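Enquirer: Got a structure here, written out as structure tokens. Questions coming.
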Amino acid sequence: MDKFLGYLRQDGSAGIRNYIIVVSTVQCASNVAIRIAEQTIAIPITHDFGCMESKENSDKIKLGLMKACENPNVYGVVVVGLGCEQIDADEIYNYVKGLNKPVYKIVIQEEGGPKQSIAKGIEYVDRLEKDSEQEQRDSFGLEKLTVGVQCGGSDWSTALAGNTVIGAMTDLIVKNGGTVLMSEVEGFPGSEHVVAEKAVNKEVGIDIINMVTELREDFVKEHGQTIEEVNPTPGNKAGGITTLVEKSMGNIKKMGTAAVQGIIQVGEKVPYPGLWILDCRAQGPDSFVTTSFAMSGAQTTAFSTGRGSPLGNAVMPLVKITGNPETYKTLNSIMDFNAGRVILGEDIPIVGEDLYRKIIEVADGMITKSEDNMNFDYTIPRDN
């Protein structure tokens with residue numbers, strides 16, 4: 001069985017990175033968090049909320065921040081709060097402390113202002129960096145590895161090569177004992193019956209049909225139009241994808257031939273390895289879904305993009321794949337893998353195994369283009 005080299009965490013999980021993150025509890029503290037990160041090796045996680053909002057949305061932001069800290073790729077955390085916000089810095093701090101991860105807290109109103117807070121934050125990150133350098137990688141089986149699969153900025157090549165190659169990779173991850181997370185629920189309509197047929201049992205199949213039916217109904221209720229009227233996107237259409245059914249047929253190819261074990265919600269972890277659907281229905285860019293993967297413990301995501309997308313993630317590396325040979329040439333600065341080899345005549349299983357090996361190399365520490373370009377997006381799914 002294949003293995004990867006990672007960092008053992010207190011909860012038994014294995015990180016493939018030793019990231020240090022600076023987490024802002026509220027928009028008012030975001031600038032301080034960014035300034036700290038700019039002057040250190042840390043990655044900032046900020047957002048535009050944290051105060052004066054409904055409990056439901058506040059709880060979703062809080063969950064997103066806590067799960068960022070919990071992701072196995074995160075070694076240590078610096079929490080930055082203002083001091084009067086709705087999301088309490090102490091709560092985030094105590095949550096991370098309960099994970100047995102190194103954590104520090106800064107409250108701007110208690111420190112005397114932004115300059116003092118930035119100075120203390122830099123000091124804290126430097127301590128964490130020094131301590132993290134003592135960590136050694138150990139060998140783990142793929143039962144400790146969770147990989148998200150996602151596509152965005154799609155074109156005609158995504159279904160033919162990009163997602164098809166990811167599907168071959170999915171089969172290998174699952175065959176070797178690992179976990180694959182598939183979401184993009186808004187890309188299922190038109191092919192939900194095909195996904196349901198892949199379910200491990202009848203109950204899971206019914207759950208899949210009900211999930212998509214509910215999605216369709218909610219979309220009409222909230223927006224007064226069907227989801228087919230806004231999806232595919234203008235870029236999809238310019239790239240040769242004409243209908244949502246056509247898009248969904250390509251979308252689900254990322255699942256390969258593995259049986260769908262069940263559906264989990266945002267922030268939940270899978271109960272056991274295999275292929276799972278993560279029910280993230282956030283209406284917006286791909287960063288909502290990749291963030292939801294990270295919130296459920298994924299250490300990396302295989303992301304295919306025919307037209308090209310610079311998307312990354314703050315707590316996990318994205319492996320960028322394109323099925324378009326021309327895109328691989330023109331946007332090589334953001335691409336990690338050329339699935340367009342299939343378009344040029346190579347066999348899908350061969351290219352899929354190469355992608356699988358690439359994922360293992362990234363798990364072992366190979367830096368991705370998203371990391372090199374410092375594309376550290378983290379968009380927490382919420383209602384509005």
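Letters A, B, ... go to the chains of the structure tokens in the order shown; residues in each chain start at 1; ligands are counted from 1 in the same order.
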If you count only C-alpha atoms, which residues fall within 12 Å of Glu135 (chain A), apart from same-chain ones fewer than 4 positions away, as a list in words?

Expert: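 Those residues are Gly6, Tyr7, Leu8, Arg9, Gly15, Ile16, Arg17, Asn18, Tyr19, Tyr75, Gly76, Leu128, Glu129, Lys130 and Asp131 of chain A.
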
Enquirer: What would the file look like if the residues just selected were written as a PDB file, in the first residue's frame with N, CA and C atoms?

Expert:
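Saved as result01.pdb:
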ATOM      1  N   GLY A   6       3.947  12.761   6.619  1.00  0.00           N
ATOM      2  CA  GLY A   6       3.209  13.874   7.210  1.00  0.00           C
ATOM      3  C   GLY A   6       3.578  14.101   8.659  1.00  0.00           C
ATOM      4  N   TYR A   7       2.875  15.036   9.284  1.00  0.00           N
ATOM      5  CA  TYR A   7       3.120  15.406  10.673  1.00  0.00           C
ATOM      6  C   TYR A   7       1.983  14.876  11.548  1.00  0.00           C
ATOM      7  N   LEU A   8       2.305  14.052  12.530  1.00  0.00           N
ATOM      8  CA  LEU A   8       1.284  13.501  13.417  1.00  0.00           C
ATOM      9  C   LEU A   8       0.742  14.575  14.345  1.00  0.00           C
ATOM     10  N   ARG A   9      -0.595  14.689  14.409  1.00  0.00           N
ATOM     11  CA  ARG A   9      -1.245  15.644  15.309  1.00  0.00           C
ATOM     12  C   ARG A   9      -1.797  14.921  16.537  1.00  0.00           C
ATOM     13  N   GLY A  15      -0.975  15.920   9.218  1.00  0.00           N
ATOM     14  CA  GLY A  15      -0.882  17.087   8.345  1.00  0.00           C
ATOM     15  C   GLY A  15       0.187  16.898   7.302  1.00  0.00           C
ATOM     16  N   ILE A  16      -0.025  17.497   6.134  1.00  0.00           N
ATOM     17  CA  ILE A  16       1.014  17.441   5.096  1.00  0.00           C
ATOM     18  C   ILE A  16       1.777  18.764   5.024  1.00  0.00           C
ATOM     19  N   ARG A  17       1.374  19.712   5.842  1.00  0.00           N
ATOM     20  CA  ARG A  17       2.062  20.996   5.971  1.00  0.00           C
ATOM     21  C   ARG A  17       2.135  21.364   7.451  1.00  0.00           C
ATOM     22  N   ASN A  18       3.017  22.319   7.765  1.00  0.00           N
ATOM     23  CA  ASN A  18       3.130  22.852   9.117  1.00  0.00           C
ATOM     24  C   ASN A  18       2.815  24.344   9.097  1.00  0.00           C
ATOM     25  N   TYR A  19       1.665  24.693   8.563  1.00  0.00           N
ATOM     26  CA  TYR A  19       1.275  26.090   8.439  1.00  0.00           C
ATOM     27  C   TYR A  19       1.071  26.741   9.815  1.00  0.00           C
ATOM     28  N   TYR A  75      -0.126  23.927  12.112  1.00  0.00           N
ATOM     29  CA  TYR A  75       0.681  23.628  13.293  1.00  0.00           C
ATOM     30  C   TYR A  75       0.292  24.519  14.459  1.00  0.00           C
ATOM     31  N   GLY A  76       0.212  25.822  14.203  1.00  0.00           N
ATOM     32  CA  GLY A  76      -0.050  26.752  15.285  1.00  0.00           C
ATOM     33  C   GLY A  76      -0.883  27.936  14.834  1.00  0.00           C
ATOM     34  N   LEU A 128       6.354  30.377  17.177  1.00  0.00           N
ATOM     35  CA  LEU A 128       5.723  29.205  16.566  1.00  0.00           C
ATOM     36  C   LEU A 128       6.588  28.632  15.446  1.00  0.00           C
ATOM     37  N   GLU A 129       7.160  29.516  14.648  1.00  0.00           N
ATOM     38  CA  GLU A 129       8.021  29.066  13.551  1.00  0.00           C
ATOM     39  C   GLU A 129       9.210  28.281  14.089  1.00  0.00           C
ATOM     40  N   LYS A 130       9.846  28.802  15.127  1.00  0.00           N
ATOM     41  CA  LYS A 130      11.008  28.130  15.712  1.00  0.00           C
ATOM     42  C   LYS A 130      10.632  26.752  16.245  1.00  0.00           C
ATOM     43  N   ASP A 131       9.490  26.675  16.913  1.00  0.00           N
ATOM     44  CA  ASP A 131       9.050  25.393  17.467  1.00  0.00           C
ATOM     45  C   ASP A 131       8.658  24.403  16.372  1.00  0.00           C
TER      46      ASP A 131
END

Enquirer: Quick one: pick out all strand (DSSP E) residues within region 100-292 of chain A from a backbone DSSP run and write them as a ChimeraX atom specification.

Expert: /A:103-107,138-141,146-151,179-182,260-265,274-279

Enquirer: Which residues are close to Ser30 (chain A), i.e. within 12 Å by only C-alpha atoms, leaving aside same-chain residues fewer than 3 positions away? Reply as JSON, numbers by chain.

Expert: {"A": [22, 23, 24, 25, 26, 27, 33, 34, 35, 36, 37, 44, 45, 46, 47, 48, 49, 50, 79, 80, 81, 82, 107, 108, 114, 117, 118]}

Enquirer: Nearest to Thr170 (chain A): which of A:Met52, A:Ala298, A:Leu355, A:Ile343 is it, counting only C-alpha atoms?

Expert: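 Closest candidate: A:Leu355.
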
Enquirer: Excluding region 101-103 of chain A and any residue of its chain fewer than 6 positions from it, enumerate the residues within 10 Å of it, using only C-alpha atoms, and give them as a VMD selection string.

Expert: chain A and resid 9 to 11 20 to 22 69 to 70 74 to 79 92 to 95 124 to 125 127 to 128 131 to 132

Enquirer: Write out, as a Markdown table, each residue of region 48-154 of chain A that has an atom at most 12 Å from region 361-375 of chain A, together with the closest pair of atoms and their distance in Å to one decimal, counting only C-alpha atoms, rows going by chain and rising number.

Expert:
| residue | atom | partner | partner_atom | distance |
| --- | --- | --- | --- | --- |
| A:Pro72 | CA | A:Ala363 | CA | 12.0 |
| A:Asn73 | CA | A:Ala363 | CA | 10.2 |
| A:Gln136 | CA | A:Asp364 | CA | 11.9 |
| A:Arg137 | CA | A:Asp364 | CA | 8.6 |
| A:Asp138 | CA | A:Asp364 | CA | 9.8 |
| A:Ser139 | CA | A:Asp364 | CA | 9.2 |
| A:Phe140 | CA | A:Asp364 | CA | 10.2 |
| A:Gly141 | CA | A:Ala363 | CA | 11.4 |
| A:Leu142 | CA | A:Ala363 | CA | 10.2 |
| A:Lys144 | CA | A:Ala363 | CA | 10.9 |
| A:Leu145 | CA | A:Ala363 | CA | 8.5 |
| A:Thr146 | CA | A:Ala363 | CA | 10.3 |
| A:Val147 | CA | A:Ala363 | CA | 10.0 |

Enquirer: For a test of reading the model, state the distance in Å between CA of Asp88 (chain A) and CA of Glu110 (chain A), rounded to one decimal.

Expert: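 According to the coordinates, CA of Asp88 (chain A) and CA of Glu110 (chain A) are separated by 13.8 Å.
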
Enquirer: Could you check which of A:Thr305, A:Ser333, A:Asn210, A:Gln150 is closest to Lys254 (chain A), using only C-alpha atoms?

Expert: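 That would be A:Gln150, the residue with the smallest distance to Lys254 (chain A).
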
Enquirer: Return the single residue from A:Ala161, A:Ala258, A:Val212, A:Ala42 that is closest to Ala314 (chain A), with distances computed using only C-alpha atoms.

Expert: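 Ranked by minimum distance to Ala314 (chain A), first place goes to A:Ala42.
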
Enquirer: Hey, can you check how far CA of Pro349 (chain A) sits from CA of Leu181 (chain A)?

Expert: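 Going from CA of Pro349 (chain A) over to CA of Leu181 (chain A), I get 20.3 Å.
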
Enquirer: Identify which of the residues A:Gly152, A:Gly83, A:Gly240, A:Gly274 lies closest to Gly177 (chain A), counting only C-alpha atoms when measuring atom-to-atom distances.

Expert: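 Ranking A:Gly152, A:Gly83, A:Gly240, A:Gly274 by distance to Gly177 (chain A), first place goes to A:Gly274.
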
Enquirer: With only C-alpha atoms as the counted atoms, please give the residues lying no more than 8 Å from Ser183 (chain A), apart from itself and same-chain residues fewer than 6 positions off, as a PyMOL selection string.

Expert: chain A and resi 149-150+277-280+289

Enquirer: With N, CA, C and O atoms retained, export the selected residues as a compact mmCIF listing (two decimals), in the first residue's frame.

Expert:
# COMPACT_ATOMS: atom_id res chain seq x y z
N VAL A 149 -12.00 17.05 -4.47
CA VAL A 149 -11.95 17.15 -5.94
C VAL A 149 -12.94 18.23 -6.36
O VAL A 149 -14.09 18.25 -5.95
N GLN A 150 -12.45 19.16 -7.19
CA GLN A 150 -13.24 20.34 -7.53
C GLN A 150 -12.84 20.81 -8.92
O GLN A 150 -11.71 20.60 -9.37
N ILE A 277 -19.87 12.70 -0.48
CA ILE A 277 -20.37 13.98 -0.98
C ILE A 277 -20.47 14.95 0.19
O ILE A 277 -21.06 14.63 1.23
N LEU A 278 -19.89 16.13 0.04
CA LEU A 278 -19.98 17.18 1.04
C LEU A 278 -21.06 18.16 0.58
O LEU A 278 -20.95 18.76 -0.48
N ASP A 279 -22.10 18.30 1.37
CA ASP A 279 -23.27 19.09 0.99
C ASP A 279 -23.03 20.58 1.24
O ASP A 279 -23.56 21.16 2.19
N CYS A 280 -22.22 21.20 0.38
CA CYS A 280 -22.00 22.65 0.43
C CYS A 280 -22.77 23.27 -0.72
O CYS A 280 -22.45 23.07 -1.88
N VAL A 289 -16.42 26.13 -1.84
CA VAL A 289 -16.33 24.67 -1.78
C VAL A 289 -14.97 24.22 -1.28
O VAL A 289 -14.86 23.32 -0.43

Enquirer: Point out the residue among A:Leu63, A:Ala89, A:Ala68, A:Ile209 with the least atom-to-atom distance to Tyr378 (chain A), counting only C-alpha atoms.

Expert: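 Closest candidate: A:Ala68.
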
Enquirer: Restricting the calculation to only C-alpha atoms: of A:Ser248, A:Thr379, A:Asn57, A:Ser157, which residue gets closest to Ala294 (chain A)?

Expert: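 Smallest separation from Ala294 (chain A) among the options: A:Thr379.
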
Enquirer: Have a look at CA of Phe337 (chain A) and CA of Ser287 (chain A) and let me know their distance in Å, one decimal.

Expert: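 Between CA of Phe337 (chain A) and CA of Ser287 (chain A) the gap is 19.8 Å.
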